[in-house]
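Okay, my_file13.txt is below, compact mmCIF, C-alpha atoms:
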# COMPACT_ATOMS: atom_id res chain seq x y z
CA MET A 990 142.50 52.90 117.15
CA SER A 991 141.99 54.72 113.86
CA LYS A 992 138.22 54.33 114.31
CA LYS A 993 138.42 56.03 117.74
CA ARG A 994 140.34 58.90 116.21
CA ARG A 995 137.71 59.37 113.55
CA ASN A 996 134.94 59.54 116.18
CA ALA A 997 136.89 62.03 118.26
CA SER A 998 137.23 64.36 115.28
CA LYS A 999 133.50 64.09 114.40
CA PRO A 1000 131.86 67.53 114.74
CA TRP A 1001 129.16 68.10 117.36
CA ILE A 1002 126.62 68.84 114.65
CA ASP A 1003 126.60 66.55 111.66
CA PHE A 1004 125.90 69.08 108.90
CA ASN A 1005 125.60 66.42 106.24
CA HIS A 1006 122.89 64.66 108.23
CA LEU A 1007 121.15 67.97 108.91
CA PHE A 1008 121.17 69.42 105.39
CA ARG A 1009 122.09 66.71 102.84
CA PRO A 1010 119.56 64.04 101.92
CA GLN A 1011 121.23 60.68 102.50
CA ALA A 1012 120.53 57.23 103.92
CA SER A 1013 121.02 58.36 107.56
CA ASN A 1014 118.09 60.84 107.26
CA LYS A 1015 115.90 58.72 105.00
CA TYR A 1016 116.99 60.76 101.96
CA ARG A 1017 115.41 63.96 103.29
CA SER A 1018 117.42 66.76 104.99
CA LYS A 1019 116.97 66.25 108.73
CA LEU A 1020 116.09 69.95 109.15
CA LEU A 1021 113.02 69.39 106.95
CA HIS A 1022 111.68 66.50 109.00
CA PRO A 1023 108.42 67.41 110.79
CA GLN A 1024 110.07 66.82 114.18
CA SER A 1025 112.87 69.30 113.32
CA LEU A 1026 110.33 71.87 112.11
CA LEU A 1027 108.41 71.51 115.37
CA ILE A 1028 111.64 71.96 117.34
CA LEU A 1029 112.32 75.11 115.27
CA SER A 1030 108.84 76.39 116.15
CA PHE A 1031 109.65 75.92 119.85
CA VAL A 1032 112.99 77.71 119.36
CA LEU A 1033 111.15 80.67 117.78
CA LEU A 1034 108.62 80.69 120.59
CA ALA A 1035 111.39 80.48 123.22
CA PHE A 1036 113.31 83.33 121.54
CA PHE A 1037 110.20 85.49 121.45
CA SER A 1038 109.34 84.72 125.11
CA LEU A 1039 112.91 85.37 126.30
CA PHE A 1040 113.04 88.55 124.28
CA ASN A 1041 109.80 89.77 125.84
CA ALA A 1042 111.07 88.73 129.28
CA LEU A 1043 113.85 91.34 128.83
CA ARG A 1044 111.36 93.93 130.05
CA PHE A 1045 111.79 92.48 133.56
CA PHE A 1046 115.53 93.29 133.39
CA PRO A 1047 115.57 97.02 132.52
CA SER A 1048 119.38 97.36 132.72
CA LEU A 1049 119.86 94.54 130.22
CA ALA A 1050 117.02 95.72 128.00
CA ASP A 1051 118.56 99.23 127.82
CA LYS A 1052 121.81 97.71 126.57
CA VAL A 1053 120.16 95.56 123.92
CA LEU A 1054 117.02 97.38 122.85
CA GLY A 1055 116.48 100.78 121.42
CA SER A 1056 114.05 102.49 119.19
CA ASP A 1057 114.27 103.52 115.58
CA SER A 1058 111.35 105.90 115.60
CA ASN A 1059 111.68 108.93 113.37
CA ILE A 1060 108.42 110.79 113.95
CA ASN A 1061 108.28 114.53 114.07
CA ILE A 1062 105.58 117.09 114.60
CA SER A 1063 106.05 119.01 111.36
CA SER A 1064 105.64 115.94 109.13
CA LEU A 1065 102.65 114.75 111.18
CA LEU A 1066 101.05 118.14 110.66
CA ASP A 1067 101.94 118.19 106.94
CA ASN A 1068 100.70 114.64 106.32
CA THR A 1069 97.44 115.26 108.16
CA ASN A 1070 96.81 118.47 106.24
CA GLU A 1071 97.73 116.77 102.97
CA GLU A 1072 95.04 114.16 103.64
CA ARG A 1073 92.53 116.86 104.51
CA GLN A 1074 93.34 118.82 101.36
CA LYS A 1075 92.73 115.70 99.26
CA MET A 1076 89.25 115.66 100.76
CA GLY A 1077 88.76 119.34 99.98
CA LEU A 1078 88.95 120.34 103.66
CA SER A 1079 90.79 123.28 105.18
CA SER A 1080 94.25 122.79 106.73
CA LEU A 1081 94.52 122.53 110.50
CA VAL A 1082 96.64 125.00 112.46
CA LEU A 1083 98.84 123.95 115.38
CA ASN A 1084 97.71 125.49 118.63
CA GLU A 1085 100.15 125.85 121.56
CA GLU A 1086 97.55 125.06 124.26
CA LEU A 1087 96.48 121.93 122.38
CA ASN A 1088 100.16 120.95 122.02
CA GLN A 1089 100.55 121.27 125.79
CA ALA A 1090 97.41 119.21 126.36
CA ALA A 1091 98.71 116.49 124.00
CA LEU A 1092 102.08 116.49 125.77
CA ALA A 1093 100.39 116.24 129.19
CA LYS A 1094 98.29 113.30 127.98
CA ALA A 1095 101.37 111.46 126.61
CA GLN A 1096 103.33 112.03 129.82
CA ASP A 1097 100.37 110.89 131.91
CA MET A 1098 100.32 107.58 129.99
CA PHE A 1099 104.01 107.00 130.77
CA ASN A 1100 103.66 108.12 134.40
CA ASP A 1101 100.70 105.83 135.08
CA GLN A 1102 101.85 103.12 132.65
CA TYR A 1103 98.69 102.81 130.58
CA TRP A 1104 97.73 102.91 126.92
CA ALA A 1105 94.15 104.10 126.55
CA HIS A 1106 91.98 107.15 126.03
CA VAL A 1107 90.83 107.04 129.62
CA ALA A 1108 93.43 107.04 132.42
CA PRO A 1109 93.18 104.46 135.23
CA ASP A 1110 92.01 107.32 137.52
CA GLY A 1111 89.18 108.08 135.09
CA LYS A 1112 90.78 111.17 133.57
CA GLN A 1113 89.50 111.73 130.02
CA ALA A 1114 91.21 113.23 126.99
CA TRP A 1115 89.23 116.45 127.23
CA ASP A 1116 90.34 116.94 130.87
CA PHE A 1117 93.86 117.56 129.56
CA ILE A 1118 92.49 120.09 127.05
CA LYS A 1119 90.63 121.95 129.79
CA GLU A 1120 93.72 121.90 132.06
CA ALA A 1121 95.71 123.52 129.25
CA LYS A 1122 93.14 126.39 129.43
CA TYR A 1123 91.85 125.75 125.94
CA ALA A 1124 88.17 126.52 125.53
CA TYR A 1125 86.72 124.18 122.93
CA LYS A 1126 83.35 123.52 121.42
CA TYR A 1127 84.16 120.20 119.92
CA ALA A 1128 87.30 118.05 120.19
CA GLY A 1129 88.79 114.72 119.16
CA GLU A 1130 91.78 112.58 120.01
CA ASN A 1131 93.91 110.16 117.98
CA LEU A 1132 96.59 108.06 119.63
CA ALA A 1133 99.43 106.06 118.07
CA ARG A 1134 102.39 104.20 119.41
CA ASP A 1135 105.57 102.48 118.23
CA PHE A 1136 105.53 103.66 114.65
CA ASN A 1137 108.78 104.19 112.79
CA ASN A 1138 107.87 107.35 110.97
CA SER A 1139 105.19 110.00 110.59
CA ASP A 1140 103.96 108.66 107.25
CA GLU A 1141 103.09 105.31 108.79
CA VAL A 1142 101.25 106.98 111.68
CA VAL A 1143 99.01 109.05 109.41
CA LYS A 1144 98.45 106.13 107.01
CA ALA A 1145 97.41 103.92 109.93
CA TRP A 1146 94.98 106.58 111.14
CA MET A 1147 93.56 106.92 107.65
CA ASN A 1148 93.03 103.15 107.51
CA SER A 1149 91.08 103.13 110.76
CA PRO A 1150 87.47 104.38 110.51
CA SER A 1151 87.35 106.06 113.94
CA HIS A 1152 90.68 107.88 113.40
CA TYR A 1153 89.73 108.77 109.85
CA GLU A 1154 86.54 110.34 111.14
CA ASN A 1155 88.60 112.76 113.27
CA ILE A 1156 91.00 113.65 110.44
CA ALA A 1157 88.14 114.09 107.97
CA ASN A 1158 86.01 116.17 110.33
CA LYS A 1159 85.20 119.42 108.57
CA ASP A 1160 84.51 121.23 111.82
CA PHE A 1161 88.00 120.96 113.24
CA THR A 1162 90.22 123.98 112.70
CA GLN A 1163 93.05 123.46 115.20
CA MET A 1164 95.32 120.64 116.19
CA GLY A 1165 97.72 119.78 119.02
CA LEU A 1166 100.51 117.22 118.64
CA ALA A 1167 102.99 115.53 120.95
CA VAL A 1168 105.56 112.81 120.30
CA VAL A 1169 107.05 111.37 123.48
CA THR A 1170 109.41 108.43 123.87
CA ASP A 1171 109.81 106.79 127.25
CA ASN A 1172 109.46 103.45 128.97
CA LEU A 1173 106.04 101.86 128.77
CA LYS A 1174 105.64 98.52 130.51
CA GLY A 1175 109.31 97.68 130.17
CA PHE A 1176 109.83 98.74 126.56
CA GLU A 1177 110.97 102.03 125.10
CA THR A 1178 107.88 103.25 123.31
CA THR A 1179 107.10 106.27 121.18
CA ILE A 1180 103.60 107.61 121.74
CA VAL A 1181 101.94 110.12 119.44
CA VAL A 1182 98.99 112.15 120.69
CA GLN A 1183 96.98 114.13 118.19
CA LEU A 1184 94.22 116.40 119.47
CA PHE A 1185 91.70 118.15 117.28
CA ALA A 1186 89.43 120.98 118.33
CA VAL A 1187 87.10 123.72 117.35
CA PRO A 1188 87.60 126.76 119.62
CA SER A 1189 84.48 127.76 121.54
CA SER A 1190 84.39 131.08 119.65
CA VAL A 1191 83.76 129.32 116.31
CA SER A 1192 80.37 128.07 115.17
CA LEU A 1193 80.12 124.51 113.83
CA LYS A 1194 79.84 123.99 110.05
CA SER A 1195 77.71 120.91 110.58
CA GLY A 1196 74.99 123.14 111.95
CA ASP A 1197 75.10 121.48 115.33
CA ASN A 1198 74.42 124.19 117.84
CA LYS A 1199 75.31 122.25 120.94
CA GLU A 1200 77.62 124.29 123.12
CA PHE A 1201 79.56 121.29 124.34
CA LEU A 1202 80.29 118.03 122.60
CA LEU A 1203 82.31 115.17 123.98
CA PRO A 1204 85.53 114.50 122.10
CA LYS A 1205 85.70 111.57 119.79
CA THR A 1206 88.57 109.32 120.73
CA ALA A 1207 90.49 106.82 118.71
CA GLU A 1208 93.84 105.13 119.25
CA THR A 1209 96.42 103.49 117.07
CA THR A 1210 99.70 101.59 117.72
CA LYS A 1211 102.94 100.30 116.16
CA ASP A 1212 106.64 99.68 117.18
CA GLY A 1213 108.94 102.36 118.21
CA VAL A 1214 114.08 107.34 122.84
CA GLU A 1215 114.50 110.81 124.47
CA PRO A 1216 111.20 112.30 125.53
CA MET A 1217 109.93 114.55 122.79
CA VAL A 1218 107.85 117.67 122.97
CA ALA A 1219 105.68 119.27 120.38
CA GLY A 1220 107.69 120.89 117.64
CA GLU A 1221 110.86 118.99 118.50
CA LYS A 1222 112.45 116.93 115.73
CA ASN A 1223 112.96 113.28 116.55
CA ILE A 1224 115.91 111.69 114.80
CA ASN A 1225 117.49 108.83 116.69
CA THR A 1226 121.19 108.82 115.89
CA ASP A 1227 122.34 106.17 118.39
CA LEU A 1228 120.23 103.42 116.91
CA VAL A 1229 120.43 100.09 118.72
CA PHE A 1230 117.81 97.43 117.94
CA SER A 1231 114.09 97.96 118.12
CA LYS A 1232 111.97 95.11 119.43
CA LEU A 1233 110.34 94.64 116.05
CA ASN A 1234 113.56 94.74 114.04
CA LEU A 1235 115.38 92.25 116.26
CA THR A 1236 112.48 89.79 116.15
CA ARG A 1237 112.06 90.28 112.42
CA THR A 1238 115.78 89.68 111.73
CA PHE A 1239 115.86 86.48 113.77
CA PHE A 1240 112.73 85.14 112.10
CA LEU A 1241 114.08 86.03 108.66
CA ILE A 1242 117.29 84.11 109.33
CA VAL A 1243 115.26 81.03 110.30
CA VAL A 1244 113.00 81.31 107.24
CA LEU A 1245 115.95 81.80 104.86
CA LEU A 1246 117.75 78.83 106.42
CA ILE A 1247 114.76 76.59 105.71
CA ILE A 1248 114.38 77.96 102.16
CA LEU A 1249 118.05 77.29 101.39
CA THR A 1250 117.78 73.80 102.90
CA LEU A 1251 114.71 73.09 100.73
CA ILE A 1252 116.57 74.24 97.60
CA TYR A 1253 119.64 72.13 98.51
CA ASP A 1254 117.46 69.14 99.34
CA SER A 1255 115.68 69.36 95.96
CA PHE A 1256 118.95 69.80 94.11
CA VAL A 1257 120.67 66.79 95.73
CA ALA A 1258 117.58 64.57 95.48
CA SER A 1259 117.11 65.32 91.77
CA SER A 1260 120.80 65.02 90.86
CA LYS A 1261 121.12 61.68 92.74
CA LYS A 1262 117.69 60.63 91.42
CA TYR A 1263 116.42 59.61 94.87
CA GLN A 1264 112.93 58.11 94.82
CA ARG A 1265 111.17 59.34 97.94
CA LEU A 1266 107.69 60.26 99.13
CA VAL A 1267 107.91 63.73 100.69
CA GLY A 1268 106.04 67.06 100.61
CA GLN A 1269 106.44 69.39 97.61
CA ASN A 1270 109.58 71.46 98.21
CA PHE A 1271 108.51 74.00 95.59
CA ALA A 1272 105.24 74.70 97.44
CA HIS A 1273 107.10 75.01 100.77
CA ILE A 1274 109.60 77.43 99.20
CA THR A 1275 106.75 79.54 97.79
CA LEU A 1276 105.03 79.62 101.17
CA LEU A 1277 108.21 80.57 103.03
CA LEU A 1278 109.14 83.22 100.46
CA THR A 1279 105.71 84.76 101.05
CA VAL A 1280 106.40 84.73 104.82
CA ALA A 1281 109.85 86.31 104.23
CA PHE A 1282 108.27 88.95 101.99
CA LEU A 1283 105.74 89.81 104.68
CA LEU A 1284 108.46 89.93 107.35
CA VAL A 1285 110.41 92.45 105.27
CA LEU A 1286 107.36 94.58 104.46
CA PHE A 1287 105.72 94.26 107.87
CA LYS A 1288 104.79 97.56 109.42
CA GLY A 1289 104.06 97.45 113.10
CA GLY A 1290 101.10 99.24 114.56
CA VAL A 1291 97.73 98.35 115.99
CA VAL A 1292 94.42 100.14 115.91
CA LEU A 1293 92.29 99.70 118.95
CA PRO A 1294 88.58 99.82 118.14
CA MET B 579 110.52 71.50 87.15
CA LYS B 580 108.45 72.67 84.15
CA GLY B 581 106.97 69.21 83.71
CA PHE B 582 106.15 69.00 87.39
CA LEU B 583 104.39 72.38 87.31
CA ARG B 584 102.47 71.45 84.16
CA LYS B 585 101.30 68.24 85.76
CA ASN B 586 100.10 70.09 88.88
CA LYS B 587 99.05 73.35 87.25
CA LEU B 588 95.60 73.51 88.84
CA ALA B 589 96.98 72.84 92.31
CA TYR B 590 99.70 75.46 91.88
CA LEU B 591 97.26 77.96 90.42
CA ILE B 592 95.14 77.57 93.56
CA LEU B 593 98.24 77.94 95.74
CA PHE B 594 99.29 81.06 93.85
CA ILE B 595 95.82 82.61 94.29
CA LEU B 596 95.94 81.66 97.97
CA LEU B 597 99.33 83.28 98.51
CA VAL B 598 98.50 86.47 96.59
CA SER B 599 95.16 86.82 98.42
CA PHE B 600 96.93 86.30 101.73
CA VAL B 601 99.53 89.01 101.04
CA PHE B 602 96.85 91.40 99.82
CA LEU B 603 94.49 90.81 102.77
CA PHE B 604 97.34 90.92 105.29
CA MET B 605 98.60 94.25 103.99
CA GLN B 606 95.07 95.66 103.75
CA ALA B 607 94.33 94.67 107.34
CA TRP B 608 97.18 96.84 108.67
CA PRO B 609 97.23 98.44 111.21
CA ASN B 610 94.62 96.07 112.68
CA LYS B 611 96.95 93.41 114.11
CA GLN B 612 94.13 91.27 115.47
CA LEU B 613 92.68 90.93 111.99
CA GLN B 614 96.16 90.18 110.62
CA ARG B 615 96.47 87.31 113.10
CA TYR B 616 93.13 85.84 112.02
CA ILE B 617 94.19 86.09 108.37
CA ALA B 618 97.48 84.32 109.19
CA LEU B 619 95.63 81.51 110.98
CA ILE B 620 93.23 81.01 108.06
CA PHE B 621 96.15 81.09 105.65
CA GLY B 622 98.13 78.50 107.64
CA ALA B 623 95.15 76.16 107.76
CA SER B 624 94.50 76.69 104.03
CA TYR B 625 98.08 75.77 103.16
CA PHE B 626 97.84 72.61 105.24
CA PHE B 627 94.62 71.54 103.52
CA TRP B 628 96.02 72.48 100.11
CA GLY B 629 99.01 70.19 100.72
CA VAL B 630 96.93 67.28 101.98
CA ILE B 631 94.34 67.57 99.18
CA SER B 632 96.91 67.93 96.39
CA HIS B 633 98.83 64.89 97.67
CA THR B 634 95.61 62.88 98.10
CA LYS B 635 94.64 63.63 94.51
CA SER B 636 98.00 62.48 93.22
CA LYS B 637 97.76 59.44 95.50
CA LYS B 638 101.19 60.17 96.96
CA ILE B 639 100.39 60.55 100.61
CA ASN B 640 101.36 59.07 103.95
CA SER B 641 101.22 60.20 107.56
CA GLU B 642 104.74 61.64 107.33
CA ILE B 643 103.63 64.00 104.53
CA ILE B 644 100.53 65.11 106.48
CA PHE B 645 102.78 65.77 109.49
CA GLU B 646 105.22 67.69 107.26
CA TYR B 647 102.48 70.01 105.94
CA LEU B 648 101.13 70.45 109.44
CA SER B 649 104.53 71.40 110.86
CA ILE B 650 105.46 73.79 108.02
CA SER B 651 102.01 75.48 108.18
CA MET B 652 102.36 75.83 111.95
CA LEU B 653 105.83 77.33 111.61
CA ALA B 654 104.73 79.86 108.96
CA THR B 655 101.62 80.83 110.97
CA LEU B 656 103.62 81.10 114.21
CA ILE B 657 106.13 83.48 112.59
CA ILE B 658 103.39 85.77 111.27
CA VAL B 659 101.39 85.68 114.50
CA LEU B 660 104.45 86.38 116.69
CA ILE B 661 105.55 89.34 114.54
CA THR B 662 102.12 90.93 114.99
CA LEU B 663 102.19 90.63 118.80
Rewritten as structure tokens:
Amino acid sequence: MSKKRRNASKPWIDFNHLFRPQASNKYRSKLLHPQSLLILSFVLLAFFSLFNALRFFPSLADKVLGSDSNINISSLLDNTNEERQKMGLSSLVLNEELNQAALAKAQDMFNDQYWAHVAPDGKQAWDFIKEAKYAYKYAGENLARDFNNSDEVVKAWMNSPSHYENIANKDFTQMGLAVVTDNLKGFETTIVVQLFAVPSSVSLKSGDNKEFLLPKTAETTKDGVEPMVAGEKNINTDLVFSKLNLTRTFFLIVVLLIILTLIYDSFVASSKKYQRLVGQNFAHITLLLTVAFLLVLFKGGVVLP
Amino acid sequence: MKGFLRKNKLAYLILFILLVSFVFLFMQAWPNKQLQRYIALIFGASYFFWGVISHTKSKKINSEIIFEYLSISMLATLIIVLITL
């Protein structure tokens, strides 16, 4: 009778078995067994897949996901010019027609749901410049998406050779910028379009006398709510969760749980003087601390070649 | 702990170099996520081999330990790869 009562009061999860090395788990926390680690890997994979599947349920995704992007035109302009000044180049000036062209390009990407220099209908970056009635001699385009702030965008461009080439081009004198946030393939995404140009009235410093040169294009990405227009300041006050931050937080919780279990396992095993043949907890802790460190420092963003 | 580290100082020195190189290369590769994924895969495999080799040298190895290093390397690599997607 008393035995039955004890079983009935037994918790659903046996925490001692899961975390404390003892005879029932062969003197190694059950969570640290290879089978448990594999199950955890599947849980992470399932979480990530389910999280990405949210894009198919826009109403639910809107309730859960948001964006924490804080990119604005003035800091993009300042950071770009700062980089140019470091190279001894002249500062670029914002041009209203180029701003309109950049905005049109960003809106076209959201309307046609693509992320590329060339639209699915074949429309090129310079078509938007021409439509904005800007006469250019030479032009370039940098794209970025999902970054959290302007600093990261410019740093990412500087780290990418093709984007760097546009920023470091001594011929460019004017720039157009647009920061637009909207839904791209199910996720709220902030896209940055940066256009560079030399007006047709100016002669090229490089001595190239061609009347018309095709723009150089380069694109960059990262993680990233109200559509933005050039010159508008983007500060998201009703912050929810960004895709990256939610994933990162969940992963961090899992990593920290394993680290704490490893520490507890080592502590119990050494204090009880258990003799066992297992992996080196100290090495695992070092590895997982490195993973946690990278998760905290991770900056989203991708450069497409 | 000190005695354990002294006994395995070469192995832990290699692990330390491995971890520092990984962090450095991973951060340098940004914003190229594809390259970051390759670095994570190489790092995961390196950790697995480091574990197996260091245990083989100390003659304290069994299939359970190999499986443990495999599963922890897979978990660490999976986390880094998924965050870059």
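Take atom CA of Met1076 of chain A and atom CA of Phe602 of chain B: the distance between them is 25.4 Å.
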Hey, list the chain A side of the contact with chain B: 7 Å cut-off, all atoms listed in the file, answer as an MDAnalysis selection string.
chainID A and resid 1022:1023 1026:1027 1030 1145 1237 1240 1266:1268 1277 1280 1290:1292
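In this model, the gap between atom CA of Leu1184 of chain A and atom CA of Val1169 of chain A comes to 14.4 Å.
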Just the residues within 9 Å of Thr1250 of chain A, please, counting all atoms listed in the file, with nothing from its chain fewer than 4 positions along; format it as a PyMOL selection string.
chain A and resi 1008-1009+1018+1020-1021+1245-1246+1254-1255
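Between atom CA of Tyr1125 of chain A and atom CA of Ala1095 of chain A the interatomic distance comes to 19.7 Å.
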For Ala1090 of chain A, work out the shell of residues within 6 Å, counting only C-alpha atoms and skipping chain neighbours fewer than 6 positions away, then give it as number ranges by chain.
A: 1117-1118, 1121
Env of Ile1252 of chain A: 9 Å cut, atoms = only C-alpha atoms, seq-sep filter 6 positions within chain, self excluded. Answer as an NGL selection string.
:A and (1270-1271 or 1274)
Among listed residues A:Asn1131, A:Ser1064, A:Gln1113, A:Asn1084, nearest Val1181 of chain A (using all atoms listed in the file)
A:Asn1131
Each side padded by 5 Å, which centre and which edge lengths in Å (one decimal) define the axis-aligned box around the listed atoms of segment 1242-1261 of chain A? Give them as AutoDock Vina command-line options.
--center_x 117.1 --center_y 72.9 --center_z 100.6 --size_x 18.1 --size_y 32.4 --size_z 29.4
Residues within 7 Å of segment 1101-1112 of chain A, all atoms listed in the file, excluding chain neighbours under 2 positions, as a list of chain:residue names
A:Asp1097, A:Met1098, A:Phe1099, A:Ala1114, A:Asp1116, A:Leu1173, A:Lys1174, A:Thr1206
What would segment 596-604 of chain B look like with all heavy atoms restored, written as a PDB file, in the coordinates of the input?
ATOM      1  N   LEU B 596      95.955  81.664  96.498  1.00  0.00           N
ATOM      2  CA  LEU B 596      95.940  81.660  97.970  1.00  0.00           C
ATOM      3  C   LEU B 596      97.014  82.582  98.550  1.00  0.00           C
ATOM      4  O   LEU B 596      96.741  83.413  99.423  1.00  0.00           O
ATOM      5  CB  LEU B 596      96.175  80.212  98.438  1.00  0.00           C
ATOM      6  CG  LEU B 596      95.875  79.883  99.883  1.00  0.00           C
ATOM      7  CD1 LEU B 596      94.377  79.851 100.100  1.00  0.00           C
ATOM      8  CD2 LEU B 596      96.451  78.512 100.236  1.00  0.00           C
ATOM      9  N   LEU B 597      98.214  82.476  98.007  1.00  0.00           N
ATOM     10  CA  LEU B 597      99.330  83.280  98.510  1.00  0.00           C
ATOM     11  C   LEU B 597      99.142  84.766  98.202  1.00  0.00           C
ATOM     12  O   LEU B 597      99.353  85.619  99.061  1.00  0.00           O
ATOM     13  CB  LEU B 597     100.660  82.797  97.922  1.00  0.00           C
ATOM     14  CG  LEU B 597     101.114  81.396  98.333  1.00  0.00           C
ATOM     15  CD1 LEU B 597     102.356  80.969  97.565  1.00  0.00           C
ATOM     16  CD2 LEU B 597     101.388  81.317  99.817  1.00  0.00           C
ATOM     17  N   VAL B 598      98.698  85.058  96.970  1.00  0.00           N
ATOM     18  CA  VAL B 598      98.500  86.470  96.590  1.00  0.00           C
ATOM     19  C   VAL B 598      97.369  87.083  97.427  1.00  0.00           C
ATOM     20  O   VAL B 598      97.491  88.203  97.933  1.00  0.00           O
ATOM     21  CB  VAL B 598      98.234  86.602  95.071  1.00  0.00           C
ATOM     22  CG1 VAL B 598      97.818  88.009  94.703  1.00  0.00           C
ATOM     23  CG2 VAL B 598      99.465  86.198  94.273  1.00  0.00           C
ATOM     24  N   SER B 599      96.287  86.311  97.608  1.00  0.00           N
ATOM     25  CA  SER B 599      95.160  86.820  98.420  1.00  0.00           C
ATOM     26  C   SER B 599      95.619  87.064  99.853  1.00  0.00           C
ATOM     27  O   SER B 599      95.243  88.063 100.475  1.00  0.00           O
ATOM     28  CB  SER B 599      94.014  85.807  98.470  1.00  0.00           C
ATOM     29  OG  SER B 599      93.743  85.316  97.224  1.00  0.00           O
ATOM     30  N   PHE B 600      96.445  86.151 100.359  1.00  0.00           N
ATOM     31  CA  PHE B 600      96.930  86.300 101.730  1.00  0.00           C
ATOM     32  C   PHE B 600      97.745  87.577 101.892  1.00  0.00           C
ATOM     33  O   PHE B 600      97.509  88.361 102.812  1.00  0.00           O
ATOM     34  CB  PHE B 600      97.766  85.070 102.122  1.00  0.00           C
ATOM     35  CG  PHE B 600      98.520  85.248 103.408  1.00  0.00           C
ATOM     36  CD1 PHE B 600      97.837  85.448 104.600  1.00  0.00           C
ATOM     37  CD2 PHE B 600      99.906  85.218 103.441  1.00  0.00           C
ATOM     38  CE1 PHE B 600      98.522  85.625 105.794  1.00  0.00           C
ATOM     39  CE2 PHE B 600     100.593  85.391 104.621  1.00  0.00           C
ATOM     40  CZ  PHE B 600      99.905  85.595 105.801  1.00  0.00           C
ATOM     41  N   VAL B 601      98.684  87.803 100.962  1.00  0.00           N
ATOM     42  CA  VAL B 601      99.530  89.010 101.040  1.00  0.00           C
ATOM     43  C   VAL B 601      98.656  90.253 100.948  1.00  0.00           C
ATOM     44  O   VAL B 601      98.792  91.184 101.750  1.00  0.00           O
ATOM     45  CB  VAL B 601     100.618  89.008  99.928  1.00  0.00           C
ATOM     46  CG1 VAL B 601     101.368  90.327  99.894  1.00  0.00           C
ATOM     47  CG2 VAL B 601     101.592  87.859 100.155  1.00  0.00           C
ATOM     48  N   PHE B 602      97.716  90.242 100.022  1.00  0.00           N
ATOM     49  CA  PHE B 602      96.850  91.400  99.820  1.00  0.00           C
ATOM     50  C   PHE B 602      96.009  91.675 101.085  1.00  0.00           C
ATOM     51  O   PHE B 602      95.978  92.793 101.592  1.00  0.00           O
ATOM     52  CB  PHE B 602      95.942  91.163  98.611  1.00  0.00           C
ATOM     53  CG  PHE B 602      94.953  92.266  98.370  1.00  0.00           C
ATOM     54  CD1 PHE B 602      95.369  93.455  97.802  1.00  0.00           C
ATOM     55  CD2 PHE B 602      93.618  92.121  98.734  1.00  0.00           C
ATOM     56  CE1 PHE B 602      94.460  94.488  97.604  1.00  0.00           C
ATOM     57  CE2 PHE B 602      92.716  93.152  98.546  1.00  0.00           C
ATOM     58  CZ  PHE B 602      93.142  94.334  97.972  1.00  0.00           C
ATOM     59  N   LEU B 603      95.346  90.630 101.591  1.00  0.00           N
ATOM     60  CA  LEU B 603      94.490  90.810 102.770  1.00  0.00           C
ATOM     61  C   LEU B 603      95.304  91.215 103.988  1.00  0.00           C
ATOM     62  O   LEU B 603      94.893  92.070 104.773  1.00  0.00           O
ATOM     63  CB  LEU B 603      93.724  89.504 103.067  1.00  0.00           C
ATOM     64  CG  LEU B 603      92.626  89.136 102.080  1.00  0.00           C
ATOM     65  CD1 LEU B 603      92.081  87.751 102.372  1.00  0.00           C
ATOM     66  CD2 LEU B 603      91.492  90.153 102.142  1.00  0.00           C
ATOM     67  N   PHE B 604      96.479  90.614 104.133  1.00  0.00           N
ATOM     68  CA  PHE B 604      97.340  90.920 105.290  1.00  0.00           C
ATOM     69  C   PHE B 604      97.776  92.384 105.276  1.00  0.00           C
ATOM     70  O   PHE B 604      97.745  93.060 106.293  1.00  0.00           O
ATOM     71  CB  PHE B 604      98.554  89.992 105.273  1.00  0.00           C
ATOM     72  CG  PHE B 604      99.392  90.057 106.515  1.00  0.00           C
ATOM     73  CD1 PHE B 604      99.047  89.287 107.630  1.00  0.00           C
ATOM     74  CD2 PHE B 604     100.513  90.864 106.596  1.00  0.00           C
ATOM     75  CE1 PHE B 604      99.802  89.353 108.781  1.00  0.00           C
ATOM     76  CE2 PHE B 604     101.273  90.931 107.746  1.00  0.00           C
ATOM     77  CZ  PHE B 604     100.921  90.171 108.846  1.00  0.00           C
TER      78      PHE B 604
END
